[in-house]
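What's in my_file33.txt: compact mmCIF, C-alpha atoms and all ligand atoms
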```
# COMPACT_ATOMS: atom_id res chain seq x y z
CA MET A 8 -6.19 -39.57 24.83
CA PRO A 9 -5.41 -36.83 27.38
CA GLU A 10 -7.60 -33.77 27.47
CA TYR A 11 -6.29 -30.88 25.38
CA LYS A 12 -5.85 -27.81 27.56
CA PRO A 13 -4.81 -24.88 25.38
CA GLN A 14 -4.16 -22.60 28.36
CA THR A 15 -1.32 -24.82 29.55
CA ILE A 16 -0.05 -26.60 26.44
CA GLU A 17 -0.02 -23.60 24.12
CA GLN A 18 1.38 -21.24 26.70
CA LYS A 19 4.22 -23.67 27.42
CA TRP A 20 5.31 -23.85 23.78
CA GLN A 21 4.78 -20.20 23.06
CA GLU A 22 7.03 -19.31 25.97
CA ARG A 23 9.68 -21.68 24.68
CA TRP A 24 9.50 -20.22 21.16
CA ARG A 25 9.87 -16.75 22.63
CA ALA A 26 12.80 -17.74 24.87
CA GLU A 27 14.62 -19.38 21.98
CA ARG A 28 13.73 -16.63 19.51
CA ALA A 29 12.52 -19.47 17.33
CA PHE A 30 11.06 -17.28 14.60
CA GLU A 31 13.73 -14.59 14.43
CA VAL A 32 16.12 -14.87 11.51
CA THR A 33 19.33 -13.25 10.34
CA GLU A 34 20.50 -12.53 6.82
CA GLU A 35 23.69 -14.57 7.25
CA SER A 36 22.03 -17.94 7.00
CA SER A 37 23.28 -20.41 4.42
CA LYS A 38 19.76 -21.81 4.07
CA PRO A 39 17.59 -20.87 1.09
CA LYS A 40 15.53 -17.78 1.79
CA PHE A 41 11.75 -17.59 2.02
CA TYR A 42 9.87 -14.37 2.67
CA CYS A 43 6.33 -14.81 3.92
CA LEU A 44 4.39 -11.58 4.21
CA GLU A 45 0.68 -11.26 4.87
CA MET A 46 -1.08 -7.96 4.67
CA PHE A 47 -0.54 -5.79 7.69
CA ALA A 48 -3.51 -5.62 10.01
CA TYR A 49 -5.41 -2.41 10.40
CA PRO A 50 -5.62 -1.92 14.19
CA SER A 51 -9.35 -1.53 14.32
CA GLY A 52 -9.70 -2.81 17.85
CA HIS A 53 -9.83 -6.54 18.32
CA ALA A 54 -8.73 -9.36 16.08
CA HIS A 55 -11.72 -11.36 14.88
CA VAL A 56 -12.09 -14.71 13.23
CA GLY A 57 -11.48 -13.15 9.81
CA HIS A 58 -7.99 -12.14 10.95
CA VAL A 59 -7.43 -15.63 12.34
CA ARG A 60 -8.46 -17.29 9.10
CA ASN A 61 -6.25 -14.99 7.06
CA TYR A 62 -3.14 -15.14 9.21
CA MET A 63 -3.36 -18.89 9.84
CA ILE A 64 -2.84 -19.52 6.13
CA GLY A 65 0.40 -17.55 6.15
CA ASP A 66 1.50 -19.27 9.34
CA VAL A 67 0.96 -22.71 7.85
CA VAL A 68 3.07 -21.71 4.84
CA ALA A 69 5.82 -20.21 7.01
CA ARG A 70 5.99 -23.24 9.31
CA LEU A 71 6.02 -25.70 6.44
CA LYS A 72 8.85 -23.84 4.75
CA ARG A 73 10.81 -23.74 8.02
CA MET A 74 10.39 -27.48 8.42
CA ARG A 75 11.65 -27.92 4.88
CA GLY A 76 14.87 -26.13 5.72
CA PHE A 77 14.23 -22.58 4.57
CA ASN A 78 15.40 -19.47 6.39
CA VAL A 79 11.92 -17.99 6.72
CA LEU A 80 11.36 -14.32 7.33
CA HIS A 81 7.79 -13.96 8.56
CA PRO A 82 7.40 -10.41 9.81
CA PHE A 83 4.33 -8.53 10.95
CA GLY A 84 3.22 -4.95 11.04
CA TRP A 85 0.32 -2.59 11.46
CA ASP A 86 -1.28 -0.53 8.77
CA ALA A 87 -1.99 2.15 11.30
CA PHE A 88 -1.69 5.56 9.70
CA GLY A 89 -4.53 7.57 8.36
CA LEU A 90 -7.82 9.27 8.68
CA PRO A 91 -9.88 6.21 9.70
CA ALA A 92 -7.86 6.13 12.92
CA GLU A 93 -8.49 9.82 13.46
CA ASN A 94 -12.21 9.44 12.78
CA ALA A 95 -12.43 6.54 15.21
CA ALA A 96 -10.54 8.55 17.81
CA ILE A 97 -12.96 11.47 17.40
CA LYS A 98 -15.88 9.08 17.75
CA ASN A 99 -14.43 7.52 20.89
CA GLY A 100 -13.21 10.79 22.38
CA THR A 101 -9.61 9.50 22.52
CA HIS A 102 -6.37 10.81 21.09
CA PRO A 103 -5.56 8.96 17.82
CA GLU A 104 -2.16 7.88 19.15
CA THR A 105 -3.65 6.39 22.30
CA TRP A 106 -6.47 4.73 20.43
CA THR A 107 -4.21 3.26 17.76
CA LEU A 108 -1.41 2.05 20.06
CA ASP A 109 -3.91 0.53 22.51
CA ASN A 110 -5.55 -1.36 19.69
CA ILE A 111 -2.22 -2.57 18.39
CA ALA A 112 -1.26 -3.79 21.84
CA HIS A 113 -4.57 -5.61 22.18
CA MET A 114 -4.42 -7.26 18.77
CA LYS A 115 -0.78 -8.17 19.23
CA GLY A 116 -1.66 -10.02 22.42
CA GLN A 117 -4.38 -11.90 20.56
CA LEU A 118 -2.07 -12.89 17.69
CA GLN A 119 0.62 -13.96 20.13
CA ARG A 120 -1.84 -16.16 22.01
CA LEU A 121 -2.63 -17.81 18.71
CA GLY A 122 1.05 -18.72 18.51
CA ILE A 123 1.55 -17.38 14.99
CA SER A 124 5.21 -17.67 14.08
CA TYR A 125 6.04 -14.02 13.48
CA ALA A 126 9.46 -12.47 13.86
CA TRP A 127 8.09 -9.99 16.38
CA GLU A 128 11.45 -8.26 16.81
CA ARG A 129 10.86 -6.81 13.34
CA GLU A 130 7.38 -5.54 14.07
CA ILE A 131 6.56 -2.19 12.52
CA ALA A 132 3.66 0.23 12.87
CA THR A 133 3.22 2.65 10.01
CA CYS A 134 2.05 5.40 12.36
CA LEU A 135 5.38 5.56 14.20
CA PRO A 136 8.17 7.93 13.12
CA ASP A 137 10.66 5.04 12.98
CA TYR A 138 8.73 3.77 10.03
CA TYR A 139 7.30 6.78 8.28
CA LYS A 140 10.54 8.78 8.31
CA TRP A 141 11.61 6.46 5.49
CA ASN A 142 8.45 7.19 3.54
CA GLN A 143 9.27 10.86 3.93
CA TRP A 144 12.86 10.22 2.89
CA ILE A 145 11.75 8.41 -0.24
CA PHE A 146 9.29 11.20 -0.97
CA LEU A 147 12.06 13.79 -0.71
CA LYS A 148 14.18 11.76 -3.13
CA MET A 149 11.28 11.78 -5.55
CA LEU A 150 10.82 15.49 -5.07
CA GLU A 151 14.53 16.08 -5.80
CA ARG A 152 14.22 14.11 -9.02
CA ASP A 153 11.04 15.88 -10.08
CA LEU A 154 9.05 12.67 -9.77
CA ALA A 155 6.60 14.21 -7.30
CA TYR A 156 4.72 17.36 -8.13
CA ARG A 157 1.71 19.33 -7.00
CA LYS A 158 -1.30 20.54 -8.91
CA ARG A 159 -4.97 21.26 -8.48
CA SER A 160 -7.28 18.51 -9.51
CA SER A 161 -10.82 17.41 -8.87
CA VAL A 162 -11.32 14.45 -6.59
CA ASN A 163 -14.04 12.22 -5.20
CA TRP A 164 -14.77 13.57 -1.74
CA CYS A 165 -16.73 12.05 1.13
CA PRO A 166 -18.11 14.95 3.21
CA SER A 167 -18.72 12.62 6.14
CA CYS A 168 -15.29 10.95 6.34
CA ASN A 169 -13.63 14.19 5.20
CA THR A 170 -11.42 12.24 2.88
CA VAL A 171 -10.64 11.68 -0.75
CA LEU A 172 -11.81 8.44 -2.30
CA ALA A 173 -10.25 6.54 -5.17
CA ASN A 174 -12.64 5.68 -7.98
CA GLU A 175 -12.70 2.11 -6.67
CA GLN A 176 -13.89 3.40 -3.28
CA VAL A 177 -17.00 4.98 -4.76
CA VAL A 178 -19.78 2.41 -4.75
CA ASN A 179 -22.99 3.39 -6.55
CA GLY A 180 -22.13 7.05 -6.08
CA GLY A 181 -21.56 6.64 -2.34
CA CYS A 182 -18.58 6.29 -0.01
CA TRP A 183 -17.54 2.65 0.40
CA ARG A 184 -17.04 3.22 4.12
CA CYS A 185 -20.11 5.14 5.17
CA GLY A 186 -22.40 5.31 2.14
CA THR A 187 -22.57 9.13 2.11
CA PRO A 188 -23.12 10.47 -1.44
CA VAL A 189 -19.74 11.38 -2.91
CA ILE A 190 -19.16 14.89 -4.23
CA THR A 191 -16.49 16.29 -6.55
CA ARG A 192 -14.06 18.77 -5.05
CA GLU A 193 -11.10 20.75 -6.35
CA LEU A 194 -8.00 20.18 -4.25
CA GLU A 195 -4.30 20.90 -4.40
CA GLN A 196 -2.69 17.49 -4.54
CA TRP A 197 0.58 15.66 -4.86
CA PHE A 198 1.13 13.43 -7.86
CA PHE A 199 3.80 10.99 -8.95
CA ARG A 200 5.08 11.01 -12.48
CA ILE A 201 4.56 7.29 -12.91
CA THR A 202 4.15 7.80 -16.64
CA HIS A 203 7.96 8.09 -16.80
CA TYR A 204 8.05 4.39 -16.04
CA ALA A 205 5.21 3.13 -18.19
CA ASP A 206 7.44 1.61 -20.86
CA GLU A 207 9.75 -0.01 -18.34
CA LEU A 208 6.82 -1.46 -16.39
CA LEU A 209 5.19 -2.86 -19.49
CA ASP A 210 8.49 -4.34 -20.68
CA GLY A 211 8.99 -5.92 -17.26
CA MET A 212 5.62 -7.62 -17.45
CA ALA A 213 6.94 -9.73 -20.29
CA GLN A 214 9.03 -11.53 -17.66
CA LEU A 215 5.98 -12.53 -15.60
CA GLY A 216 5.43 -15.68 -17.62
CA GLU A 217 3.33 -17.62 -15.14
CA TRP A 218 1.00 -14.86 -14.09
CA PRO A 219 -2.67 -15.19 -15.09
CA ASP A 220 -3.67 -13.22 -18.18
CA LYS A 221 -6.39 -11.48 -16.22
CA VAL A 222 -3.87 -10.06 -13.77
CA LEU A 223 -1.54 -8.96 -16.57
CA THR A 224 -4.40 -7.22 -18.35
CA MET A 225 -5.45 -5.44 -15.18
CA GLN A 226 -1.87 -4.48 -14.52
CA SER A 227 -1.28 -3.09 -17.99
CA ASN A 228 -4.56 -1.17 -17.76
CA TRP A 229 -3.35 0.25 -14.48
CA VAL A 230 -0.01 1.28 -15.97
CA GLY A 231 -2.22 2.88 -18.57
CA ARG A 232 0.10 3.81 -21.37
CA SER A 233 -2.20 5.11 -24.05
CA GLU A 234 -1.59 5.23 -27.74
CA GLY A 235 -3.79 7.50 -29.76
CA ALA A 236 -7.16 8.74 -28.64
CA ARG A 237 -10.80 7.96 -29.22
CA VAL A 238 -12.56 11.07 -30.39
CA LYS A 239 -16.27 11.44 -30.73
CA PHE A 240 -17.35 14.32 -32.94
CA ALA A 241 -20.20 15.69 -34.94
CA LEU A 242 -19.98 17.00 -38.45
CA GLU A 243 -21.86 20.25 -38.69
CA LYS A 244 -22.92 21.69 -42.00
CA SER A 245 -24.12 25.20 -42.30
CA GLY A 246 -27.83 25.17 -42.60
CA ALA A 247 -27.97 21.41 -42.10
CA ARG A 248 -28.18 19.19 -39.05
CA GLY A 249 -24.91 17.61 -37.83
CA ALA A 250 -24.29 13.95 -38.46
CA LYS A 251 -22.80 11.99 -35.59
CA SER A 252 -19.92 9.68 -36.19
CA GLU A 253 -17.08 8.08 -34.31
CA THR A 254 -13.53 7.37 -35.31
CA ARG A 255 -10.02 7.06 -33.99
CA GLY A 256 -8.16 10.28 -34.58
CA ALA A 257 -9.94 13.33 -35.87
CA LYS A 258 -9.22 14.61 -39.32
CA SER A 259 -7.56 17.94 -39.43
CA GLY A 260 -8.96 20.65 -41.61
CA THR A 261 -12.55 21.24 -42.51
CA GLN A 262 -14.38 21.53 -45.75
CA ASP A 263 -16.27 24.56 -46.90
CA ALA A 264 -19.20 25.32 -44.68
CA GLU A 265 -18.53 22.20 -42.65
CA ARG A 266 -17.22 22.07 -39.14
CA LEU A 267 -16.14 19.26 -36.84
CA ARG A 268 -17.44 19.70 -33.34
CA ILE A 269 -15.72 17.47 -30.77
CA LEU A 270 -18.23 15.87 -28.43
CA ASP A 271 -15.86 13.78 -26.39
CA CYS A 272 -12.18 12.93 -26.35
CA ALA A 273 -10.44 10.28 -24.26
CA PRO A 274 -7.21 8.31 -24.34
CA ARG A 275 -7.75 4.90 -25.84
CA ILE A 276 -6.56 3.39 -22.55
CA PRO A 277 -7.58 5.42 -19.51
CA HIS A 278 -4.81 6.04 -17.02
CA PRO A 279 -5.76 7.31 -13.58
CA ALA A 280 -3.04 9.16 -11.73
CA PRO A 281 -2.49 7.86 -8.19
CA ARG A 282 -3.07 10.37 -5.46
CA ILE A 283 -0.87 10.34 -2.45
CA THR A 284 -2.06 13.11 -0.23
CA THR A 285 -4.86 15.54 -0.20
CA GLY A 286 -5.68 18.87 1.24
CA SER A 287 -2.93 18.99 3.80
CA LYS A 288 0.04 21.22 3.19
CA TYR A 289 3.38 19.50 2.76
CA SER A 290 6.15 20.56 5.09
CA PRO A 291 9.52 18.78 5.07
CA PRO A 292 10.60 17.03 8.26
CA ALA A 293 13.12 18.87 10.42
CA SER A 294 15.74 16.19 10.03
CA THR A 295 16.04 13.97 7.04
CA PRO A 296 17.88 10.71 7.40
CA SER A 297 21.19 10.92 5.59
CA THR A 298 21.46 7.19 5.12
CA ALA A 299 19.13 4.55 3.88
CA PRO A 300 17.67 1.54 5.65
CA THR A 301 18.77 -2.05 5.16
CA SER A 302 17.33 -3.99 2.30
CA SER A 303 14.48 -5.61 4.25
CA SER A 304 13.23 -2.45 5.92
CA TRP A 305 13.87 -0.67 2.66
CA ARG A 306 11.54 -3.07 0.91
CA ARG A 307 8.94 -2.57 3.58
CA SER A 308 9.09 1.17 3.09
CA ILE A 309 8.87 0.66 -0.61
CA ARG A 310 5.68 -1.31 -0.23
CA SER A 311 3.81 1.69 1.03
CA PHE A 312 4.87 3.44 -2.13
CA ALA A 313 3.78 0.53 -4.25
CA SER A 314 1.52 2.71 -6.29
CA SER A 315 4.47 4.74 -7.51
CA ARG A 316 6.46 1.72 -8.73
CA THR A 317 9.53 3.82 -9.15
CA HIS A 318 11.83 2.12 -6.68
CA ARG A 319 14.15 0.72 -9.30
CA ARG A 320 15.31 4.22 -10.07
CA ILE A 321 15.78 5.36 -6.51
CA ARG A 322 18.56 3.53 -4.77
CA PRO A 323 19.80 4.04 -1.25
CA ARG A 324 23.23 5.59 -1.20
CA SER A 325 24.45 3.27 1.51
CA ALA A 326 22.93 0.58 3.63
CA PRO A 327 23.74 0.84 7.34
CA ALA A 328 22.14 -1.45 9.87
CA CYS A 329 18.65 -0.43 10.95
CA ARG A 330 17.28 -3.60 12.42
CA SER A 331 15.44 -2.89 15.55
CA SER A 332 12.90 -0.26 16.21
CA PRO A 333 13.57 1.56 19.48
CA ARG A 334 9.86 1.78 20.11
CA ARG A 335 8.19 -1.52 20.82
CA ILE A 336 4.54 -2.06 21.43
CA ALA A 337 4.01 -4.38 24.35
CA PRO A 338 0.94 -6.55 24.01
CA LEU A 339 -1.77 -6.15 26.61
CA ALA A 340 -1.96 -9.13 28.92
ZN ZN A 401 -17.46 8.22 4.00
```
Structure encoded using structure tokens:
Amino acid sequence: MPEYKPQTIEQKWQERWRAERAFEVTEESSKPKFYCLEMFAYPSGHAHVGHVRNYMIGDVVARLKRMRGFNVLHPFGWDAFGLPAENAAIKNGTHPETWTLDNIAHMKGQLQRLGISYAWEREIATCLPDYYKWNQWIFLKMLERDLAYRKRSSVNWCPSCNTVLANEQVVNGGCWRCGTPVITRELEQWFFRITHYADELLDGMAQLGEWPDKVLTMQSNWVGRSEGARVKFALEKSGARGAKSETRGAKSGTQDAERLRILDCAPRIPHPAPRITTGSKYSPPASTPSTAPTSSSWRRSIRSFASSRTHRRIRPRSAPACRSSPRRIAPLA
């Protein structure tokens, strides 16, 4: 058996795949469609074996489906927008754009050397205007329809990361990222009126026949439509000590010399409101796209708004071609 030399063998085939655009696909194919999407990588610096393990699984699936005659769309992108990038840039004394794009270029080179079968011509980076202008466009549509609104609300705040944390990101009272004790802070925030869609979402779940019960329960808890409330109250009698009791729904009216004192009141199913931005002031972009992206890029944009789950109500007016991003990130050699 000849010696396996990855530097020559793999490079040879990877160059051929690239030259033949082996993993690029078009929508016109008569083959059955298969969409293989792994989570976008956060460009934290270098790809490590955890990335390799994760992305290999998707690559095996994509390649198998291709061999079985499917028109496989296997795109890749970078989850590259946000405060972690800014914090890292401050730490490294580099501009966030430089730091993030350099990391993307480095990681892209690593993934390409692995020979993963991505349609690189469709690569996106969420920190680039080509991508996030669509998020902004969707947001403006929601604003027009009164589905986004602003109000003051208290949040979990990490004073070290200078960022808001979701309840799930608070671990034993500390920030999941840095462990700093989390404080509560009042902030002006943007909210989505997802409650407008609670019934529709719950109805739609009835169609997810093969999904595990655990997932459906979690999902319905997340949708969080509540019916009734659980009220904890004490019955206070004049001159006598109050007796504690618990019931669903407080009685209205009181008897002579008796008073109901509410100790606690909560919806029977808690429903946290998703937060989309914090602290920063919203200012509309100078130019708003007048047309909508194609279905695939549209879906990608939608994904970043997954928490709103309102896409079925917001349709693009038209669908012109928007296939290639003018800004490409060349991998570092
Ligand atoms: Zn923190």
| task | May I have the residues within 9 Å of A:Gly180 as a PyMOL selection string, using all atoms listed in the file and disregarding those fewer than 5 positions away in the same chain? | result | chain A and resi 186-190
| task | Around ligand ZN 401 (chain A), at most 10 Å away and counting only C-alpha atoms and all ligand atoms, which residues are there? Put them as a PyMOL selection string, please. | result | chain A and resi 91+164-172+176-177+181-189
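The space separating atom CA of A:Leu80 from atom CA of A:Glu104 comes to 28.6 Å.
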| request: Have a look at atom CA of A:Lys40 and atom CA of A:Leu121 and let me know their distance in Å, one decimal. | output: 24.8 Å
Please, what is the axis-aligned box for every listed atom of stretch 217-235 of chain A with 6 Å on each side, as centre and edge lengths in Å to one decimal, as AutoDock Vina command-line options?
```
--center_x -1.5 --center_y -5.1 --center_z -21.8 --size_x 21.7 --size_y 37.1 --size_z 28.0
```
| task | Write out as JSON, numbers by chain which residues come within 7 Å of stretch 127-133 of chain A when counting all atoms listed in the file, dropping same-chain ones fewer than 2 positions away. | result | {"A": [82, 83, 84, 85, 86, 87, 88, 125, 135, 138, 139, 331]}
Restricted to C-alpha atoms, what would the selected residues look like written as a tab-separated table (two decimals), in the frame of the given file?
```
chain	number	residue	atom	x	y	z
A	82	PRO	CA	7.40	-10.41	9.81
A	83	PHE	CA	4.33	-8.53	10.95
A	84	GLY	CA	3.22	-4.95	11.04
A	85	TRP	CA	0.32	-2.59	11.46
A	86	ASP	CA	-1.28	-0.53	8.77
A	87	ALA	CA	-1.99	2.15	11.30
A	88	PHE	CA	-1.69	5.56	9.70
A	125	TYR	CA	6.04	-14.02	13.48
A	135	LEU	CA	5.38	5.56	14.20
A	138	TYR	CA	8.73	3.77	10.03
A	139	TYR	CA	7.30	6.78	8.28
A	331	SER	CA	15.44	-2.89	15.55
```
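For the pair atom CA of A:Leu118 and atom CA of A:Glu22, the interatomic distance is 13.9 Å.
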| message | Give me, as a VMD selection string, all polymer residues having an atom no more than 12 Å from A:Ser36, counting all atoms listed in the file and skipping those fewer than 6 positions away in the same chain. | response | chain A and resid 76 to 80
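Among the candidates A:Met114, A:Glu195, A:Asn228, A:Arg73, the residue lying nearest to A:Pro39 is A:Arg73 (atoms considered: all atoms listed in the file).
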| List as a ChimeraX atom specification: which residues have an atom within 10 Å of (-13.0, -1.4, 15.7), counting all atoms listed in the file? | /A:49-54,92,95,110
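Candidate residues A:Cys43, A:Ser161, A:Phe198, A:Trp141 were compared for distance to A:Lys72, and the nearest is A:Cys43, using all atoms listed in the file.
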Hey, what's within 12 Å of A:Trp20 if we count all atoms listed in the file and toss same-chain stuff fewer than 5 positions away? As a PDB file with C-alpha atoms, in the coordinates of the input, please?
```
ATOM      1  CA  PRO A  13      -4.810 -24.880  25.380  1.00  0.00           C
ATOM      2  CA  GLN A  14      -4.160 -22.600  28.360  1.00  0.00           C
ATOM      3  CA  THR A  15      -1.320 -24.820  29.550  1.00  0.00           C
ATOM      4  CA  ARG A  25       9.870 -16.750  22.630  1.00  0.00           C
ATOM      5  CA  ALA A  26      12.800 -17.740  24.870  1.00  0.00           C
ATOM      6  CA  GLU A  27      14.620 -19.380  21.980  1.00  0.00           C
ATOM      7  CA  ARG A  28      13.730 -16.630  19.510  1.00  0.00           C
ATOM      8  CA  ALA A  29      12.520 -19.470  17.330  1.00  0.00           C
ATOM      9  CA  GLN A 119       0.620 -13.960  20.130  1.00  0.00           C
ATOM     10  CA  ARG A 120      -1.840 -16.160  22.010  1.00  0.00           C
ATOM     11  CA  LEU A 121      -2.630 -17.810  18.710  1.00  0.00           C
ATOM     12  CA  GLY A 122       1.050 -18.720  18.510  1.00  0.00           C
ATOM     13  CA  ILE A 123       1.550 -17.380  14.990  1.00  0.00           C
ATOM     14  CA  SER A 124       5.210 -17.670  14.080  1.00  0.00           C
TER      15      SER A 124
END
```
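The nearest approach to A:Val238 among the residues A:Ile269, A:Pro219, A:Ile64, A:Gln214, with all atoms listed in the file taken into account, belongs to A:Ile269.
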